[in-house]
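What follows is the content of input-v3.cif, which has mmCIF, C-alpha atoms:
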```cif
data_protein
#
loop_
_atom_site.label_atom_id
_atom_site.label_comp_id
_atom_site.auth_asym_id
_atom_site.auth_seq_id
_atom_site.Cartn_x
_atom_site.Cartn_y
_atom_site.Cartn_z
CA MET A 1 8.41 8.50 -36.75
CA ASP A 2 6.80 9.45 -40.03
CA ILE A 3 7.20 7.14 -42.97
CA ASN A 4 9.37 8.85 -45.54
CA MET A 5 12.09 8.24 -48.11
CA THR A 6 14.15 6.49 -45.46
CA LEU A 7 11.98 3.47 -46.21
CA LEU A 8 13.18 3.22 -49.80
CA GLY A 9 16.69 4.26 -48.86
CA GLN A 10 16.86 1.40 -46.41
CA THR A 11 15.48 -1.03 -49.01
CA ILE A 12 18.21 -0.05 -51.44
CA THR A 13 20.88 -0.16 -48.71
CA PHE A 14 19.68 -3.62 -47.73
CA ILE A 15 19.93 -4.89 -51.30
CA VAL A 16 23.42 -3.40 -51.71
CA PHE A 17 24.72 -5.01 -48.53
CA VAL A 18 23.18 -8.37 -49.38
CA TRP A 19 24.71 -8.18 -52.84
CA PHE A 20 28.09 -7.32 -51.34
CA CYS A 21 27.91 -10.23 -48.94
CA TYR A 22 26.76 -12.57 -51.72
CA LYS A 23 29.53 -11.44 -54.03
CA PHE A 24 32.56 -10.74 -51.86
CA ILE A 25 32.12 -12.41 -48.49
CA TRP A 26 30.10 -15.60 -48.47
CA PRO A 27 31.79 -17.62 -51.27
CA PHE A 28 35.30 -17.09 -49.90
CA LEU A 29 34.42 -18.14 -46.38
CA ILE A 30 32.34 -21.11 -47.44
CA GLU A 31 35.03 -22.28 -49.84
CA ALA A 32 37.74 -22.06 -47.18
CA MET A 33 35.53 -23.99 -44.78
CA ARG A 34 34.68 -26.69 -47.31
CA GLU A 35 38.33 -27.04 -48.23
CA ARG A 36 39.37 -27.37 -44.62
CA GLN A 37 36.63 -29.88 -44.06
CA LYS A 38 37.96 -31.89 -46.98
CA THR A 39 41.53 -31.63 -45.73
CA ILE A 40 40.52 -32.80 -42.29
CA ALA A 41 38.48 -35.65 -43.70
CA GLU A 42 41.40 -36.73 -45.87
CA GLY A 43 43.78 -36.47 -42.93
CA LEU A 44 41.54 -38.65 -40.83
CA ALA A 45 41.16 -41.16 -43.64
CA ALA A 46 44.95 -41.24 -44.12
CA GLY A 47 45.44 -41.77 -40.40
CA GLU A 48 43.00 -44.63 -40.45
CA GLU A 49 44.72 -46.11 -43.48
CA ALA A 50 48.11 -45.85 -41.77
CA GLU A 51 46.69 -47.50 -38.69
CA ARG A 52 45.35 -50.33 -40.82
CA SER A 53 48.63 -50.85 -42.69
CA ARG A 54 50.55 -50.75 -39.41
CA GLU A 55 48.25 -53.44 -38.10
CA SER A 56 48.78 -55.62 -41.16
CA ALA A 57 52.55 -55.06 -41.01
CA ARG A 58 52.54 -56.16 -37.41
CA GLU A 59 50.61 -59.27 -38.34
CA GLU A 60 53.09 -60.01 -41.11
CA VAL A 61 56.01 -59.56 -38.76
CA ALA A 62 54.38 -61.93 -36.29
CA ASP A 63 53.77 -64.45 -39.07
CA ARG A 64 57.33 -64.30 -40.29
CA LEU A 65 58.68 -64.60 -36.77
CA LYS A 66 56.57 -67.66 -36.21
CA ASP A 67 57.76 -69.13 -39.51
CA ALA A 68 61.38 -68.43 -38.61
CA GLN A 69 60.95 -70.01 -35.21
CA ALA A 70 59.38 -73.08 -36.74
CA GLU A 71 62.18 -73.26 -39.29
CA ALA A 72 64.83 -72.96 -36.60
CA GLN A 73 63.13 -75.64 -34.55
CA ARG A 74 62.99 -77.88 -37.58
CA ILE A 75 66.69 -77.35 -38.27
CA VAL A 76 67.61 -78.07 -34.67
CA ASP A 77 65.46 -81.20 -34.65
CA GLN A 78 66.98 -82.34 -37.90
CA ALA A 79 70.51 -81.75 -36.65
CA ARG A 80 69.75 -83.56 -33.46
CA SER A 81 68.29 -86.59 -35.22
CA GLN A 82 71.17 -86.55 -37.70
CA ALA A 83 73.67 -86.55 -34.86
CA ALA A 84 71.85 -89.38 -33.16
CA GLN A 85 71.82 -91.26 -36.43
CA MET A 86 75.55 -90.69 -36.91
CA VAL A 87 76.33 -91.89 -33.42
CA GLU A 88 74.14 -94.92 -33.96
CA GLN A 89 75.82 -95.55 -37.31
CA ALA A 90 79.27 -95.27 -35.76
CA ARG A 91 78.28 -97.61 -32.98
CA GLN A 92 76.88 -100.07 -35.49
CA ASP A 93 80.02 -99.86 -37.60
CA ALA A 94 82.19 -100.41 -34.58
CA ARG A 95 80.09 -103.39 -33.55
CA ASP A 96 80.23 -104.84 -37.06
CA GLU A 97 83.97 -104.32 -37.24
CA GLY A 98 84.40 -105.99 -33.89
CA ASP A 99 82.27 -108.94 -35.00
CA ARG A 100 84.19 -109.20 -38.21
CA LEU A 101 87.52 -109.15 -36.41
CA LYS A 102 86.30 -111.70 -33.92
CA GLU A 103 85.04 -113.93 -36.68
CA ALA A 104 88.32 -113.65 -38.54
CA ALA A 105 90.20 -114.47 -35.39
CA ASN A 106 87.90 -117.41 -34.72
CA ALA A 107 88.39 -118.67 -38.27
CA GLU A 108 92.13 -118.37 -37.95
CA ILE A 109 92.05 -120.19 -34.65
CA GLU A 110 89.91 -122.86 -36.22
CA GLN A 111 92.27 -123.11 -39.13
CA GLU A 112 95.27 -123.31 -36.85
CA PHE A 113 93.50 -125.87 -34.79
CA ASN A 114 92.61 -127.97 -37.83
CA ARG A 115 96.07 -127.65 -39.19
CA ALA A 116 97.53 -128.74 -35.89
CA ARG A 117 95.10 -131.61 -35.74
CA GLU A 118 95.98 -132.67 -39.31
CA THR A 119 99.62 -132.52 -38.44
CA LEU A 120 99.01 -134.37 -35.25
CA ARG A 121 96.91 -136.93 -37.09
CA GLY A 122 99.60 -137.46 -39.67
CA GLU A 123 102.19 -137.85 -36.96
CA VAL A 124 99.97 -140.21 -34.96
CA ALA A 125 99.37 -142.29 -38.12
CA ALA A 126 103.05 -142.42 -38.80
CA LEU A 127 103.67 -143.30 -35.17
CA ALA A 128 100.96 -145.95 -35.33
CA VAL A 129 102.36 -147.40 -38.51
CA GLN A 130 105.81 -147.31 -36.99
CA GLY A 131 104.46 -148.92 -33.85
CA ALA A 132 102.56 -151.54 -35.79
CA GLN A 133 105.61 -152.15 -37.99
CA ARG A 134 107.64 -152.71 -34.98
CA ILE A 135 105.01 -155.02 -33.60
CA LEU A 136 104.48 -156.95 -36.80
CA GLU A 137 108.12 -156.58 -37.85
CA ALA A 138 107.70 -155.43 -41.28
CA ASP A 139 104.74 -157.65 -42.10
CA ILE A 140 102.93 -154.91 -43.24
CA ASP A 141 103.35 -153.99 -46.79
CA ARG A 142 102.93 -150.28 -47.27
CA ASP A 143 101.37 -150.76 -50.63
CA ARG A 144 98.99 -153.44 -49.56
CA HIS A 145 97.96 -152.03 -46.29
CA GLY A 146 98.30 -148.40 -47.19
CA GLU A 147 94.55 -148.11 -47.59
CA LEU A 148 93.91 -149.49 -44.19
CA LEU A 149 96.50 -147.29 -42.61
CA ASN A 150 95.10 -144.19 -44.12
CA ARG A 151 91.66 -145.07 -42.83
CA LEU A 152 93.13 -145.56 -39.47
CA ALA A 153 94.91 -142.27 -39.56
CA ALA A 154 91.64 -140.51 -40.55
CA GLU A 155 89.89 -142.01 -37.62
CA LEU A 156 92.44 -140.61 -35.19
CA MET B 30 19.29 20.59 -21.33
CA ALA B 31 16.71 21.87 -18.97
CA GLU B 32 13.53 20.15 -20.02
CA THR B 33 10.55 18.22 -18.69
CA SER B 34 10.37 14.45 -18.74
CA ALA B 35 7.97 14.57 -21.66
CA GLU B 36 10.32 16.78 -23.63
CA TYR B 37 13.24 14.54 -22.73
CA ILE B 38 11.47 11.45 -23.99
CA GLN B 39 10.20 13.25 -27.06
CA HIS B 40 13.69 14.44 -27.83
CA HIS B 41 15.10 10.95 -27.62
CA LEU B 42 12.44 9.59 -29.92
CA THR B 43 12.85 12.16 -32.66
CA ASN B 44 14.92 11.47 -35.72
CA LEU B 45 17.23 13.94 -37.35
CA THR B 46 15.29 14.49 -40.55
CA TYR B 47 16.23 16.34 -43.69
CA GLY B 48 13.67 16.92 -46.41
CA GLN B 49 10.99 19.00 -47.99
CA CYS B 50 8.45 20.81 -45.85
CA SER B 51 4.91 21.25 -47.04
CA ASP B 52 5.77 24.80 -48.02
CA GLY B 53 8.36 23.47 -50.46
CA ALA B 54 11.51 24.41 -48.54
CA TRP B 55 14.32 21.85 -48.22
CA GLN B 56 15.71 21.90 -44.69
CA PHE B 57 16.28 19.94 -41.49
CA ALA B 58 13.24 19.35 -39.32
CA PRO B 59 11.31 20.97 -37.81
CA CYS B 60 9.53 22.86 -40.52
CA ALA B 61 8.69 26.52 -40.05
CA ASP B 62 4.97 25.82 -39.81
CA GLY B 63 5.52 23.07 -37.20
CA ALA B 64 3.88 20.42 -39.43
CA SER B 65 5.69 17.20 -40.24
CA MET B 66 7.74 16.82 -43.38
CA THR B 67 6.49 15.46 -46.69
CA PHE B 68 7.39 11.96 -47.89
CA LEU B 69 10.41 13.48 -49.62
CA SER B 70 12.54 13.49 -46.52
CA VAL B 71 15.19 11.27 -45.03
CA ASN B 72 15.97 10.34 -41.44
CA VAL B 73 19.63 11.20 -41.67
CA ASP B 74 20.57 9.57 -38.36
CA SER B 75 18.82 6.26 -39.17
CA MET B 76 20.34 6.08 -42.63
CA GLY B 77 23.75 7.15 -41.40
CA TRP B 78 23.95 4.69 -38.56
CA SER B 79 22.48 1.81 -40.54
CA ILE B 80 24.78 2.36 -43.50
CA GLY B 81 27.73 2.85 -41.16
CA LEU B 82 27.00 -0.35 -39.29
CA GLY B 83 26.42 -2.17 -42.58
CA ILE B 84 29.85 -1.00 -43.69
CA VAL B 85 31.31 -2.22 -40.40
CA PHE B 86 29.78 -5.63 -41.14
CA CYS B 87 31.06 -5.62 -44.71
CA LEU B 88 34.57 -4.54 -43.68
CA ILE B 89 34.99 -7.08 -40.90
CA PHE B 90 33.62 -9.93 -42.94
CA ARG B 91 35.44 -8.84 -46.07
CA ILE B 92 38.74 -8.83 -44.20
CA ALA B 93 37.94 -12.27 -42.84
CA ALA B 94 36.94 -13.47 -46.31
CA ARG B 95 40.13 -12.16 -47.92
CA ARG B 96 42.31 -13.73 -45.28
CA ALA B 97 40.25 -16.92 -45.28
CA THR B 98 42.49 -19.91 -45.44
CA ALA B 99 41.74 -23.60 -45.48
CA GLY B 100 44.61 -24.00 -43.03
CA ILE B 101 44.55 -23.06 -39.38
CA PRO B 102 42.13 -20.13 -38.97
CA GLY B 103 42.91 -17.08 -36.87
CA ALA B 104 40.67 -15.63 -34.18
CA LEU B 105 38.71 -13.38 -36.57
CA GLN B 106 38.24 -16.15 -39.10
CA ASN B 107 37.14 -18.52 -36.36
CA ALA B 108 34.48 -16.13 -35.12
CA VAL B 109 33.26 -15.31 -38.62
CA GLU B 110 33.23 -18.95 -39.67
CA MET B 111 31.24 -19.87 -36.59
CA LEU B 112 28.57 -17.40 -37.67
CA VAL B 113 28.70 -18.52 -41.28
CA GLU B 114 28.43 -22.15 -40.29
CA PHE B 115 25.53 -21.40 -37.98
CA ILE B 116 23.63 -19.44 -40.65
CA ASP B 117 24.46 -22.00 -43.31
CA ASP B 118 23.13 -24.85 -41.19
CA THR B 119 19.99 -22.92 -40.35
CA CYS B 120 19.35 -22.08 -43.99
CA ARG B 121 19.97 -25.64 -45.11
CA SER B 122 17.44 -26.99 -42.65
CA ILE B 123 14.76 -24.48 -43.70
CA PHE B 124 15.44 -23.73 -47.33
CA THR B 125 15.81 -26.99 -49.23
CA HIS B 126 15.88 -25.56 -52.73
CA SER B 127 18.98 -24.43 -54.56
CA ASN B 128 19.53 -20.70 -54.31
CA ALA B 129 22.94 -19.19 -53.67
CA VAL B 130 21.56 -15.83 -52.46
CA ILE B 131 19.53 -17.06 -49.50
CA ALA B 132 22.34 -17.92 -47.10
CA PRO B 133 24.44 -14.78 -47.68
CA MET B 134 21.27 -12.74 -47.31
CA ALA B 135 20.44 -14.42 -44.01
CA LEU B 136 24.00 -13.75 -42.81
CA THR B 137 23.77 -10.10 -43.83
CA ILE B 138 20.42 -9.67 -42.12
CA PHE B 139 21.50 -11.41 -38.96
CA VAL B 140 24.77 -9.55 -38.46
CA TRP B 141 23.56 -6.20 -39.71
CA VAL B 142 20.34 -6.19 -37.69
CA PHE B 143 22.29 -7.42 -34.69
CA LEU B 144 24.74 -4.53 -35.00
CA MET B 145 21.89 -2.04 -35.38
CA ASN B 146 20.15 -3.53 -32.35
CA LEU B 147 23.42 -3.46 -30.46
CA MET B 148 23.36 0.34 -30.52
CA ASP B 149 20.49 0.00 -28.09
CA LEU B 150 23.00 -1.04 -25.42
CA VAL B 151 24.88 2.25 -25.71
CA PRO B 152 23.59 4.39 -22.82
CA VAL B 153 20.77 6.48 -24.24
CA ASP B 154 22.28 9.89 -23.46
CA TRP B 155 25.86 9.51 -24.57
CA ILE B 156 25.68 10.07 -28.27
CA PRO B 157 22.61 12.36 -28.39
CA GLU B 158 24.24 14.66 -25.80
CA LEU B 159 27.51 14.60 -27.71
CA ALA B 160 25.67 15.41 -30.94
CA TYR B 161 23.77 18.17 -29.19
CA ALA B 162 27.02 19.63 -27.95
CA LEU B 163 28.27 19.56 -31.55
CA GLY B 164 25.17 21.41 -32.69
CA VAL B 165 23.13 18.51 -34.02
CA PRO B 166 19.66 18.82 -32.46
CA TYR B 167 18.52 15.20 -32.73
CA MET B 168 20.34 11.88 -32.91
CA LYS B 169 18.65 8.50 -32.69
CA ILE B 170 21.43 5.94 -32.83
CA VAL B 171 19.37 2.75 -32.97
CA PRO B 172 18.23 2.45 -36.59
CA THR B 173 15.92 -0.47 -35.83
CA THR B 174 13.77 1.75 -33.60
CA ASP B 175 12.87 3.62 -36.77
CA PRO B 176 9.95 1.91 -38.58
CA ASN B 177 11.32 3.21 -41.87
CA VAL B 178 14.39 1.05 -41.42
CA THR B 179 12.68 -2.17 -40.40
CA MET B 180 9.87 -1.76 -42.91
CA GLY B 181 12.41 -0.86 -45.58
CA MET B 182 14.12 -4.18 -45.10
CA ALA B 183 10.78 -5.97 -44.91
CA LEU B 184 9.87 -4.31 -48.20
CA ALA B 185 13.00 -5.72 -49.82
CA VAL B 186 12.11 -9.15 -48.48
CA PHE B 187 8.55 -8.74 -49.77
CA ALA B 188 9.90 -7.84 -53.21
CA LEU B 189 12.01 -11.00 -53.14
CA ILE B 190 9.00 -13.08 -52.09
CA LEU B 191 7.04 -11.77 -55.07
CA PHE B 192 9.99 -12.16 -57.41
CA TYR B 193 10.74 -15.77 -56.46
CA SER B 194 7.06 -16.75 -56.30
CA ILE B 195 6.52 -15.57 -59.84
CA ARG B 196 9.81 -16.96 -61.09
CA GLN B 197 9.17 -20.40 -59.60
CA LYS B 198 5.45 -20.73 -60.29
CA GLY B 199 4.80 -18.28 -63.10
CA ALA B 200 2.41 -15.35 -62.72
CA GLY B 201 -0.56 -17.66 -63.31
CA GLY B 202 0.63 -20.21 -60.84
CA PHE B 203 1.21 -17.56 -58.21
CA LEU B 204 -2.22 -16.01 -58.72
CA GLY B 205 -3.73 -19.48 -58.68
CA GLU B 206 -2.06 -20.13 -55.38
CA LEU B 207 -3.63 -16.96 -54.03
CA ALA B 208 -7.08 -17.68 -55.46
CA PHE B 209 -7.59 -21.43 -55.12
CA HIS B 210 -6.74 -21.86 -51.44
CA PRO B 211 -7.91 -22.60 -48.86
CA PHE B 212 -11.48 -22.97 -50.14
CA PRO B 213 -12.65 -24.60 -53.39
CA LYS B 214 -12.26 -22.70 -56.64
CA VAL B 215 -15.81 -21.39 -56.67
CA LEU B 216 -14.91 -19.20 -53.70
CA ALA B 217 -11.93 -17.70 -55.52
CA PRO B 218 -12.64 -14.06 -54.51
CA VAL B 219 -12.82 -15.01 -50.86
CA ASN B 220 -9.67 -17.05 -51.18
CA PHE B 221 -7.93 -14.21 -52.92
CA ILE B 222 -8.77 -11.74 -50.16
CA LEU B 223 -7.70 -14.17 -47.46
CA GLU B 224 -4.47 -15.14 -49.16
CA SER B 225 -3.62 -11.54 -50.01
CA VAL B 226 -3.97 -10.59 -46.37
CA THR B 227 -1.73 -13.54 -45.46
CA LEU B 228 0.80 -12.44 -48.04
CA LEU B 229 0.79 -8.81 -46.92
CA ALA B 230 0.96 -9.81 -43.28
CA LYS B 231 4.36 -11.37 -43.90
CA PRO B 232 6.41 -8.21 -44.52
CA LEU B 233 4.24 -6.18 -42.19
CA SER B 234 4.73 -8.51 -39.24
CA LEU B 235 8.39 -8.99 -40.15
CA GLY B 236 9.14 -5.28 -40.03
CA LEU B 237 6.84 -4.33 -37.19
CA ARG B 238 8.02 -7.15 -34.93
CA LEU B 239 11.59 -5.93 -35.04
CA PHE B 240 10.55 -2.29 -34.74
CA GLY B 241 8.16 -2.97 -31.85
CA ASN B 242 10.65 -4.96 -29.82
CA LEU B 243 13.45 -2.48 -30.23
CA TYR B 244 11.26 0.57 -29.81
CA ALA B 245 9.84 -0.80 -26.58
CA GLY B 246 13.32 -1.71 -25.36
CA GLU B 247 14.64 1.75 -26.19
CA MET B 248 11.63 3.32 -24.48
CA ILE B 249 12.37 1.42 -21.29
CA PHE B 250 16.01 2.53 -21.39
CA ILE B 251 14.81 6.12 -21.76
CA LEU B 252 12.38 5.75 -18.87
CA ILE B 253 15.11 4.27 -16.70
CA ALA B 254 17.37 7.15 -17.71
CA LEU B 255 14.77 9.53 -16.30
CA MET B 256 15.59 8.14 -12.85
CA TYR B 257 19.04 9.70 -12.82
CA ALA B 258 17.70 12.66 -10.83
CA GLY B 259 18.78 11.95 -7.28
CA TRP B 260 21.43 9.79 -5.63
CA ALA B 261 19.27 7.02 -4.19
CA ILE B 262 16.92 6.66 -7.11
CA GLY B 263 19.84 7.11 -9.47
CA ILE B 264 21.66 4.08 -8.03
CA PHE B 265 18.46 2.08 -8.28
CA GLY B 266 18.12 3.27 -11.88
CA GLY B 267 21.67 2.13 -12.56
CA ILE B 268 20.89 -1.34 -11.32
CA LEU B 269 17.71 -1.40 -13.41
CA GLN B 270 19.56 -0.27 -16.49
CA TRP B 271 22.18 -2.95 -16.03
CA ALA B 272 19.51 -5.63 -15.55
CA TRP B 273 17.52 -4.47 -18.56
CA ALA B 274 20.68 -4.31 -20.66
CA VAL B 275 21.55 -7.90 -19.75
CA PHE B 276 18.06 -9.00 -20.71
CA HIS B 277 18.27 -6.88 -23.82
CA VAL B 278 21.35 -8.75 -25.01
CA LEU B 279 19.05 -11.70 -25.42
CA ILE B 280 16.35 -9.67 -27.15
CA ILE B 281 18.58 -8.00 -29.71
CA THR B 282 20.21 -11.29 -30.67
CA LEU B 283 16.90 -13.09 -30.80
CA GLN B 284 15.20 -10.40 -32.89
CA ALA B 285 18.07 -10.34 -35.36
CA PHE B 286 17.89 -14.12 -35.63
CA ILE B 287 14.10 -14.11 -35.98
CA PHE B 288 14.26 -11.54 -38.77
CA ALA B 289 16.85 -13.61 -40.63
CA VAL B 290 15.09 -16.93 -40.14
CA LEU B 291 11.64 -15.61 -41.04
CA THR B 292 13.07 -14.14 -44.23
CA VAL B 293 14.42 -17.57 -45.15
CA VAL B 294 11.12 -19.21 -44.21
CA TYR B 295 9.09 -16.79 -46.34
CA LEU B 296 11.38 -17.31 -49.30
CA ALA B 297 11.19 -21.07 -48.83
CA GLN B 298 7.40 -20.71 -48.95
CA ALA B 299 7.76 -18.68 -52.14
CA TYR B 300 9.60 -21.67 -53.64
CA ASP B 301 7.32 -24.35 -52.27
CA VAL B 302 4.38 -25.40 -54.39
CA GLU B 303 1.46 -25.98 -52.08
CA GLU B 304 -0.36 -29.24 -52.48
CA GLU B 305 -3.86 -29.14 -53.96
CA HIS B 306 -6.77 -29.02 -51.53
#
```

What is this structure when it is put down as structure tokens?
Amino acid sequence: MDINMTLLGQTITFIVFVWFCYKFIWPFLIEAMRERQKTIAEGLAAGEEAERSRESAREEVADRLKDAQAEAQRIVDQARSQAAQMVEQARQDARDEGDRLKEAANAEIEQEFNRARETLRGEVAALAVQGAQRILEADIDRDRHGELLNRLAAEL
Amino acid sequence: MAETSAEYIQHHLTNLTYGQCSDGAWQFAPCADGASMTFLSVNVDSMGWSIGLGIVFCLIFRIAARRATAGIPGALQNAVEMLVEFIDDTCRSIFTHSNAVIAPMALTIFVWVFLMNLMDLVPVDWIPELAYALGVPYMKIVPTTDPNVTMGMALAVFALILFYSIRQKGAGGFLGELAFHPFPKVLAPVNFILESVTLLAKPLSLGLRLFGNLYAGEMIFILIALMYAGWAIGIFGGILQWAWAVFHVLIITLQAFIFAVLTVVYLAQAYDVEEEH
């Protein structure tokens, strides 16, 4: 247990081992650890980023789906209202056509009626003149009493 | 080996020493005149085991360092990195200045001292008996039970304390720190004596703490080993040895850690500029 050269020998040994560790061991291990730490941190960050972009993509998909649904609904509504409009239009046209035809028929009937009445009137006037002639025995001068006769015929 | 208990203990506590006797002859101990050797001698077993274990540390960690990958680490790299991380964290929390040597030094101290302490768990008779059978008279396998070894390391730490103190503060600043605290400047001689004692106590306590703990632990193992004389007491001794070994696992780890951490603390103090009183 005496103190001897071992003391200095151990001091030198200590310094040599520390130097070896400082030079050939520590930097390599620390560097590998730092690098792995960085890799892991980057991996985690990338994962988070992917998660975020997935979330935003999902939101976009939802948005577009909603838009598409709204668009489809709009188109359906439009088509439906257009169809209703067309049916209404057709009905209106049909009604108009019917009215027109009825009016035309009425006018024709009226015309026929008037014509018949004119004809009838003329014939009645002639018959009246003939009757009156027979009664008055040719006293009536057509030229003189023509005016009167015509008025009579118009009144019939 | 037929011997008394005192001889047995003495044998286990004696280093294998090679050096110069007082009569000038170079030889293994003991000297012809029975006196102890001069300073020019070396404890061959302490040096051998400590250098061997240091090389074991260097080899294992060097292999791990060469294979170190930033990818998925293997078992060896995992274990080594756990230690490195632990030491690195400890150093960062204690030593706040920038010095690339501190952490590797703490790692070296911790692992190397731990390995040297670990030899304490080898049953005390195995290797000395084997060496004796091979013709080597003495063999102490726990280097840290040799004060030369622990004080040698403490000496290196002390040299670093002085080196960094002077480098960081200048010779004047360092002397001023010794002379102007803790009392006012007029009491500089008193301060200087006090602070010098404080300074010298650092390496002394550092080395002697490790030596004392391990020496006492080794001594208890030797005393327990003395019980292997009869069946009943031998079994009891076995149980005691196991129990002490389990407890010793804690001590050897703790002492290695304390040595490493105190080294870092002392060097941090060498960097720190104390505030004026």

Subject >> Top pick for closest residue to chain B, considering A:Val16, A:Ala32, A:Ala132, A:Leu44 and counting only C-alpha atoms >> reply: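 Between A:Val16, A:Ala32, A:Ala132, A:Leu44, the residue approaching chain B most closely is A:Ala32.
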
Subject >> For atom CA of B:Tyr167 and atom CA of B:Met76, the interatomic separation in Å (one decimal) >> reply: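 One can read the atom CA of B:Tyr167 to atom CA of B:Met76 distance as 13.6 Å.
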
**OP:** Given the file shown, enumerate the residues that the PyMOL selection byres ((chain B) within 6 of (chain A)) captures and present them as an MDAnalysis selection string.
**Re:** chainID B and resid 68:72 91 94 98:99 133:134 137 177:178 181:182 185

**OP:** Go ahead and compute the interatomic distance for atom CA of B:Asp74 and atom CA of B:Ser234, in Å to one decimal.
**Re:** 24.1 Å

Subject >> Distance in Å - atom CA of B:Ala104 versus atom CA of B:Pro152 >> reply: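 Distance reported for this atom pair: 28.7 Å.
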
**OP:** Determine the nearest neighbour of B:Tyr193 from the options B:Asn128, B:Thr46, B:Thr33, B:Gln56, counting only C-alpha atoms.
**Re:** B:Asn128

Go through the shown structure with the PyMOL selection byres ((chain B and resi 191) around 12) and write out the matching residues as a PDB file with C-alpha atoms, in the frame of the given file.
```pdb
ATOM      1  CA  LEU B 184       9.870  -4.310 -48.200  1.00  0.00           C
ATOM      2  CA  ALA B 185      13.000  -5.720 -49.820  1.00  0.00           C
ATOM      3  CA  VAL B 186      12.110  -9.150 -48.480  1.00  0.00           C
ATOM      4  CA  PHE B 187       8.550  -8.740 -49.770  1.00  0.00           C
ATOM      5  CA  ALA B 188       9.900  -7.840 -53.210  1.00  0.00           C
ATOM      6  CA  LEU B 189      12.010 -11.000 -53.140  1.00  0.00           C
ATOM      7  CA  ILE B 190       9.000 -13.080 -52.090  1.00  0.00           C
ATOM      8  CA  PHE B 192       9.990 -12.160 -57.410  1.00  0.00           C
ATOM      9  CA  TYR B 193      10.740 -15.770 -56.460  1.00  0.00           C
ATOM     10  CA  SER B 194       7.060 -16.750 -56.300  1.00  0.00           C
ATOM     11  CA  ILE B 195       6.520 -15.570 -59.840  1.00  0.00           C
ATOM     12  CA  ARG B 196       9.810 -16.960 -61.090  1.00  0.00           C
ATOM     13  CA  GLN B 197       9.170 -20.400 -59.600  1.00  0.00           C
ATOM     14  CA  LYS B 198       5.450 -20.730 -60.290  1.00  0.00           C
ATOM     15  CA  GLY B 199       4.800 -18.280 -63.100  1.00  0.00           C
ATOM     16  CA  ALA B 200       2.410 -15.350 -62.720  1.00  0.00           C
ATOM     17  CA  PHE B 203       1.210 -17.560 -58.210  1.00  0.00           C
ATOM     18  CA  LEU B 204      -2.220 -16.010 -58.720  1.00  0.00           C
ATOM     19  CA  LEU B 207      -3.630 -16.960 -54.030  1.00  0.00           C
ATOM     20  CA  SER B 225      -3.620 -11.540 -50.010  1.00  0.00           C
ATOM     21  CA  LEU B 228       0.800 -12.440 -48.040  1.00  0.00           C
ATOM     22  CA  LEU B 229       0.790  -8.810 -46.920  1.00  0.00           C
ATOM     23  CA  LYS B 231       4.360 -11.370 -43.900  1.00  0.00           C
ATOM     24  CA  PRO B 232       6.410  -8.210 -44.520  1.00  0.00           C
ATOM     25  CA  TYR B 295       9.090 -16.790 -46.340  1.00  0.00           C
ATOM     26  CA  LEU B 296      11.380 -17.310 -49.300  1.00  0.00           C
ATOM     27  CA  ALA B 297      11.190 -21.070 -48.830  1.00  0.00           C
ATOM     28  CA  GLN B 298       7.400 -20.710 -48.950  1.00  0.00           C
ATOM     29  CA  ALA B 299       7.760 -18.680 -52.140  1.00  0.00           C
ATOM     30  CA  TYR B 300       9.600 -21.670 -53.640  1.00  0.00           C
TER      31      TYR B 300
END
```

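Within 7 Å of B:Leu243, once all atoms listed in the file are used and residues closer than 4 positions along the same chain are dropped, the contacting residues are Thr173, Thr174, Leu239 and Glu247 of chain B.
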
Would you compute an axis-aligned box for stretch 120-132 of chain A, covering every atom listed for it in the file with 3 Å of margin on each side, and report centre and edge lengths in Å to one decimal as JSON?
```
{"center_x": 101.4, "center_y": -143.0, "center_z": -36.8, "size_x": 14.9, "size_y": 23.2, "size_z": 11.8}
```

Original post:
If you apply the PyMOL selection byres ((chain B and resi 35-38) around 10) to this file, what residues do you get, as a PyMOL selection string?
Top reply: chain B and resi 30-34+39-43+248+251-252+254-255

Original post:
At most 12 Å from (13.7, -9.6, -28.5), file frame, all atoms listed in the file: which residues, as JSON, numbers by chain?
Top reply: {"B": [142, 143, 146, 147, 149, 173, 238, 239, 240, 241, 242, 243, 244, 245, 246, 247, 273, 274, 275, 276, 277, 278, 279, 280, 281, 282, 283, 284, 285, 286, 287, 288]}

**OP:** Name the residues in contact with stretch 125-131 of chain A at a cut-off of 8 Å, using all atoms listed in the file, excluding same-chain residues fewer than 5 positions from it; report them as a list in words.
**Re:** Leu149, Asn150, Leu152, Ala153 and Leu156 of chain A

Take the residues just selected and output them with C-alpha atoms as an mmCIF file, in the frame of the given file.
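And here is the file that came out, selection-v6.cif:
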```cif
data_model
loop_
_atom_site.group_PDB
_atom_site.id
_atom_site.type_symbol
_atom_site.label_atom_id
_atom_site.label_comp_id
_atom_site.auth_asym_id
_atom_site.auth_seq_id
_atom_site.Cartn_x
_atom_site.Cartn_y
_atom_site.Cartn_z
ATOM 1 C CA LEU A 149 96.500 -147.290 -42.610
ATOM 2 C CA ASN A 150 95.100 -144.190 -44.120
ATOM 3 C CA LEU A 152 93.130 -145.560 -39.470
ATOM 4 C CA ALA A 153 94.910 -142.270 -39.560
ATOM 5 C CA LEU A 156 92.440 -140.610 -35.190
#
```
